[in-house]
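Below is one structure, written out as structure tokens; comments come after it.
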Amino acid sequence: MAYFAQTITLTSRKPKPCMQTSPFIGELIGTMVLLLLGDGVVANVVLRQTKGENAGWIVITAGWAFAVMIGIFVAKAFGSIDAHLNPAVTVAFAVATGDYSKIIPYITAQMIGAFLGAVLVWLHHLPHWSATSDPGSKLAVFATGPAIRSLGSNFLSEVLGTIVLILGLAGISSKGLGQMAVGVGPYLVGILVWSIGLSLGGPTGYSINPARDLAPRIAHAILPIPAKGSSDWSYGWVPVLGPLVGGIIGGILIAWYKL
């Protein structure tokens with residue numbers, strides 16, 4: 001009888017309350033994971049004495065594609081059904097729908113998450129900063145930079161890459177494709193980002209995401225990274241404004257063609 005009484009008591013206990021998920025938390029944690037994995041693959045390739053040193057561009061583009069896919073899954077799990085993870089995407093769909101209410105909370109969450117993700121990459125690779133002598137490689141972990149510095153062309157590259165991102169996202173979610181199986185979308189978005197990186201990423205490193213570049217660049221500027229050099233703020237506006245302009249153009253096209 002004592003055993004049954006104990007069983008009844010245990011099974012009748014109320015579950016402990018869980019922390020609430022929300023779109024803000026989803027965007028924050030999803031973007032944090034995106035940057036941890038995305039900047040993480042760059043660190044693995046460009047920092048000295050890692051297991052992935054000099055693994056190359058294919059590894060970086062694949063790593064970023066998978067980072068986007070996992071970031072989307074995480075964002076949705078933590079409460080963001082949109083899982084934008086990118087201010088340019090948030091702005092694009094605000095322009096497309098006429099609903100601007102998500103811009104401030106989403107972009108705030110994305111910036112915080114991107115900064116935290118960059119800090120985690122720094123911590124994860126802590127011994128490798130001293131082992132790496134090139135300041136440019138250290139900055140490359142956190143922020144994008146041009147292969148050939150030509151600000152007008154670099155800006156155009158970011159605009160075009162982001163337009164492809166926005167139109168690709170609209171195509172993936174288009175009703176014209178019919179009913180998509182649940183859970184397939186993030187895989188397709190990962191392929192989209194992989195394609196952009198492989199085909200259009202060479203000139204600038206394809207930021208296509210202001211939070212992905214600006215928040216980690218700030219982290220680079222303030223973290224105690226040995227011999228880190230400049231954070232290259234003279235270029236830093238390109239991977240922020242370029243994607244935002246691309247997002248606006250993409251949003252206008254979506255609204256115009258009712259995609």
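By order of appearance in the structure tokens: chains A, B, ..., then residues from 1 within every chain, and ligands from 1 in the order shown.
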
With only C-alpha atoms as the counted atoms, please give the residues lying no more than 6 Å from region 206-218 of chain A, apart from itself and same-chain residues fewer than 4 positions off, as a list in words.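 That gives Asn86, Met111, Ala114, Phe115, Ala118, Phe142, Ala143, Glu158, Thr162, Gly201, Pro239, Val240 and Pro243 of chain A.
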
Please produce a file of those selected residues containing N, CA and C atoms, as a tab-separated table (two decimals), in the first residue's frame.
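Result file is part33.tsv:
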chain	number	residue	atom	x	y	z
A	86	ASN	N	17.79	37.50	-39.57
A	86	ASN	CA	18.46	38.39	-40.51
A	86	ASN	C	17.64	39.66	-40.67
A	111	MET	N	20.46	41.09	-33.32
A	111	MET	CA	21.74	41.72	-33.01
A	111	MET	C	22.32	41.15	-31.71
A	114	ALA	N	23.46	37.55	-32.43
A	114	ALA	CA	24.67	37.50	-33.24
A	114	ALA	C	25.90	37.85	-32.41
A	115	PHE	N	25.76	38.83	-31.54
A	115	PHE	CA	26.89	39.21	-30.67
A	115	PHE	C	27.25	38.05	-29.73
A	118	ALA	N	29.04	35.28	-31.58
A	118	ALA	CA	30.43	35.62	-31.87
A	118	ALA	C	31.31	35.46	-30.63
A	142	PHE	N	35.02	36.87	-37.67
A	142	PHE	CA	33.89	37.63	-37.16
A	142	PHE	C	33.12	38.36	-38.26
A	143	ALA	N	33.80	38.88	-39.26
A	143	ALA	CA	33.15	39.77	-40.21
A	143	ALA	C	33.64	39.49	-41.62
A	158	GLU	N	26.67	42.75	-52.45
A	158	GLU	CA	25.83	42.47	-51.28
A	158	GLU	C	24.35	42.69	-51.60
A	162	THR	N	21.64	39.55	-51.64
A	162	THR	CA	20.48	39.60	-50.75
A	162	THR	C	19.17	39.52	-51.52
A	201	GLY	N	29.40	34.45	-53.55
A	201	GLY	CA	30.07	34.84	-52.32
A	201	GLY	C	31.51	35.28	-52.46
A	239	PRO	N	28.54	45.63	-45.73
A	239	PRO	CA	27.75	44.43	-45.43
A	239	PRO	C	26.54	44.69	-44.54
A	240	VAL	N	26.31	45.95	-44.18
A	240	VAL	CA	25.10	46.31	-43.45
A	240	VAL	C	24.09	46.97	-44.38
A	243	PRO	N	22.91	44.63	-47.75
A	243	PRO	CA	21.80	43.70	-47.54
A	243	PRO	C	20.47	44.38	-47.24

Pick out the residues sitting within 12 Å of region 148-153 of chain A, and hand them over as number ranges by chain; count only C-alpha atoms, and ignore anything fewer than 2 positions along from it in its own chain. A: 144-146, 155-160, 202-205, 232, 234-239, 241-242

Can those selected residues be exported to a file as a PDB file, in the first residue's frame so that it contains N, CA and C atoms?
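Result file is selection_34.pdb:
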ATOM      1  N   THR A 144      32.838  39.912 -42.599  1.00  0.00           N
ATOM      2  CA  THR A 144      33.207  39.715 -43.992  1.00  0.00           C
ATOM      3  C   THR A 144      34.151  40.815 -44.455  1.00  0.00           C
ATOM      4  N   GLY A 145      34.807  40.556 -45.568  1.00  0.00           N
ATOM      5  CA  GLY A 145      35.698  41.531 -46.169  1.00  0.00           C
ATOM      6  C   GLY A 145      35.810  41.267 -47.653  1.00  0.00           C
ATOM      7  N   PRO A 146      36.165  42.267 -48.442  1.00  0.00           N
ATOM      8  CA  PRO A 146      36.209  42.103 -49.890  1.00  0.00           C
ATOM      9  C   PRO A 146      37.473  41.404 -50.365  1.00  0.00           C
ATOM     10  N   PHE A 155      29.426  46.817 -52.624  1.00  0.00           N
ATOM     11  CA  PHE A 155      28.056  47.144 -52.226  1.00  0.00           C
ATOM     12  C   PHE A 155      27.055  46.459 -53.155  1.00  0.00           C
ATOM     13  N   LEU A 156      27.316  46.546 -54.464  1.00  0.00           N
ATOM     14  CA  LEU A 156      26.420  45.914 -55.439  1.00  0.00           C
ATOM     15  C   LEU A 156      26.359  44.406 -55.232  1.00  0.00           C
ATOM     16  N   SER A 157      27.499  43.791 -54.924  1.00  0.00           N
ATOM     17  CA  SER A 157      27.521  42.346 -54.681  1.00  0.00           C
ATOM     18  C   SER A 157      26.622  41.963 -53.520  1.00  0.00           C
ATOM     19  N   GLU A 158      26.671  42.754 -52.450  1.00  0.00           N
ATOM     20  CA  GLU A 158      25.830  42.469 -51.284  1.00  0.00           C
ATOM     21  C   GLU A 158      24.352  42.693 -51.602  1.00  0.00           C
ATOM     22  N   VAL A 159      24.054  43.720 -52.385  1.00  0.00           N
ATOM     23  CA  VAL A 159      22.665  43.972 -52.782  1.00  0.00           C
ATOM     24  C   VAL A 159      22.130  42.802 -53.600  1.00  0.00           C
ATOM     25  N   LEU A 160      22.889  42.382 -54.612  1.00  0.00           N
ATOM     26  CA  LEU A 160      22.429  41.301 -55.488  1.00  0.00           C
ATOM     27  C   LEU A 160      22.284  39.976 -54.734  1.00  0.00           C
ATOM     28  N   GLY A 202      32.138  35.010 -53.603  1.00  0.00           N
ATOM     29  CA  GLY A 202      33.561  35.267 -53.749  1.00  0.00           C
ATOM     30  C   GLY A 202      34.003  36.708 -53.589  1.00  0.00           C
ATOM     31  N   PRO A 203      33.294  37.680 -54.142  1.00  0.00           N
ATOM     32  CA  PRO A 203      33.778  39.058 -54.063  1.00  0.00           C
ATOM     33  C   PRO A 203      33.802  39.659 -52.661  1.00  0.00           C
ATOM     34  N   THR A 204      32.818  39.324 -51.820  1.00  0.00           N
ATOM     35  CA  THR A 204      32.715  39.993 -50.514  1.00  0.00           C
ATOM     36  C   THR A 204      32.621  39.044 -49.328  1.00  0.00           C
ATOM     37  N   GLY A 205      32.491  37.757 -49.563  1.00  0.00           N
ATOM     38  CA  GLY A 205      32.262  36.843 -48.448  1.00  0.00           C
ATOM     39  C   GLY A 205      30.804  36.732 -48.082  1.00  0.00           C
ATOM     40  N   ASP A 232      38.251  47.194 -39.251  1.00  0.00           N
ATOM     41  CA  ASP A 232      37.935  47.633 -40.619  1.00  0.00           C
ATOM     42  C   ASP A 232      36.560  48.292 -40.714  1.00  0.00           C
ATOM     43  N   SER A 234      35.939  51.134 -41.921  1.00  0.00           N
ATOM     44  CA  SER A 234      35.772  51.869 -43.182  1.00  0.00           C
ATOM     45  C   SER A 234      35.017  51.033 -44.216  1.00  0.00           C
ATOM     46  N   TYR A 235      35.081  49.718 -44.067  1.00  0.00           N
ATOM     47  CA  TYR A 235      34.322  48.818 -44.939  1.00  0.00           C
ATOM     48  C   TYR A 235      33.017  48.357 -44.294  1.00  0.00           C
ATOM     49  N   GLY A 236      32.910  48.483 -42.981  1.00  0.00           N
ATOM     50  CA  GLY A 236      31.821  47.860 -42.234  1.00  0.00           C
ATOM     51  C   GLY A 236      30.418  48.268 -42.645  1.00  0.00           C
ATOM     52  N   TRP A 237      30.271  49.429 -43.313  1.00  0.00           N
ATOM     53  CA  TRP A 237      28.925  49.847 -43.729  1.00  0.00           C
ATOM     54  C   TRP A 237      28.412  49.027 -44.913  1.00  0.00           C
ATOM     55  N   VAL A 238      29.329  48.482 -45.739  1.00  0.00           N
ATOM     56  CA  VAL A 238      28.920  47.769 -46.956  1.00  0.00           C
ATOM     57  C   VAL A 238      28.082  46.533 -46.634  1.00  0.00           C
ATOM     58  N   PRO A 239      28.542  45.630 -45.725  1.00  0.00           N
ATOM     59  CA  PRO A 239      27.749  44.430 -45.433  1.00  0.00           C
ATOM     60  C   PRO A 239      26.538  44.690 -44.544  1.00  0.00           C
ATOM     61  N   LEU A 241      24.503  48.023 -45.059  1.00  0.00           N
ATOM     62  CA  LEU A 241      23.576  48.749 -45.923  1.00  0.00           C
ATOM     63  C   LEU A 241      23.261  47.972 -47.204  1.00  0.00           C
ATOM     64  N   GLY A 242      24.255  47.256 -47.744  1.00  0.00           N
ATOM     65  CA  GLY A 242      23.993  46.474 -48.959  1.00  0.00           C
ATOM     66  C   GLY A 242      22.860  45.475 -48.784  1.00  0.00           C
TER      67      GLY A 242
END

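We find CA of Thr31 (chain A) and CA of Ala109 (chain A) to be spaced 8.1 Å apart.
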
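Between Leu35 (chain A) and the residues A:Ile72, A:Leu165, A:Leu120, A:Ile104, the shortest atom-to-atom distance, using only C-alpha atoms, involves A:Leu120.
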
Which neighbours of Gly79 (chain A) fall inside 7 Å, counting only C-alpha atoms, when residues of the same chain fewer than 2 positions from it are skipped, and could you give them as a ChimeraX atom specification? /A:21-23,25-26,75-77,81

Would you please extract all alpha helix (DSSP H) residues from region 51-233 of chain A, as assigned by DSSP on the backbone, and give them as a ChimeraX atom specification? /A:57-77,87-97,103-124,126-131,135-142,151-172,185-200,210-222,233
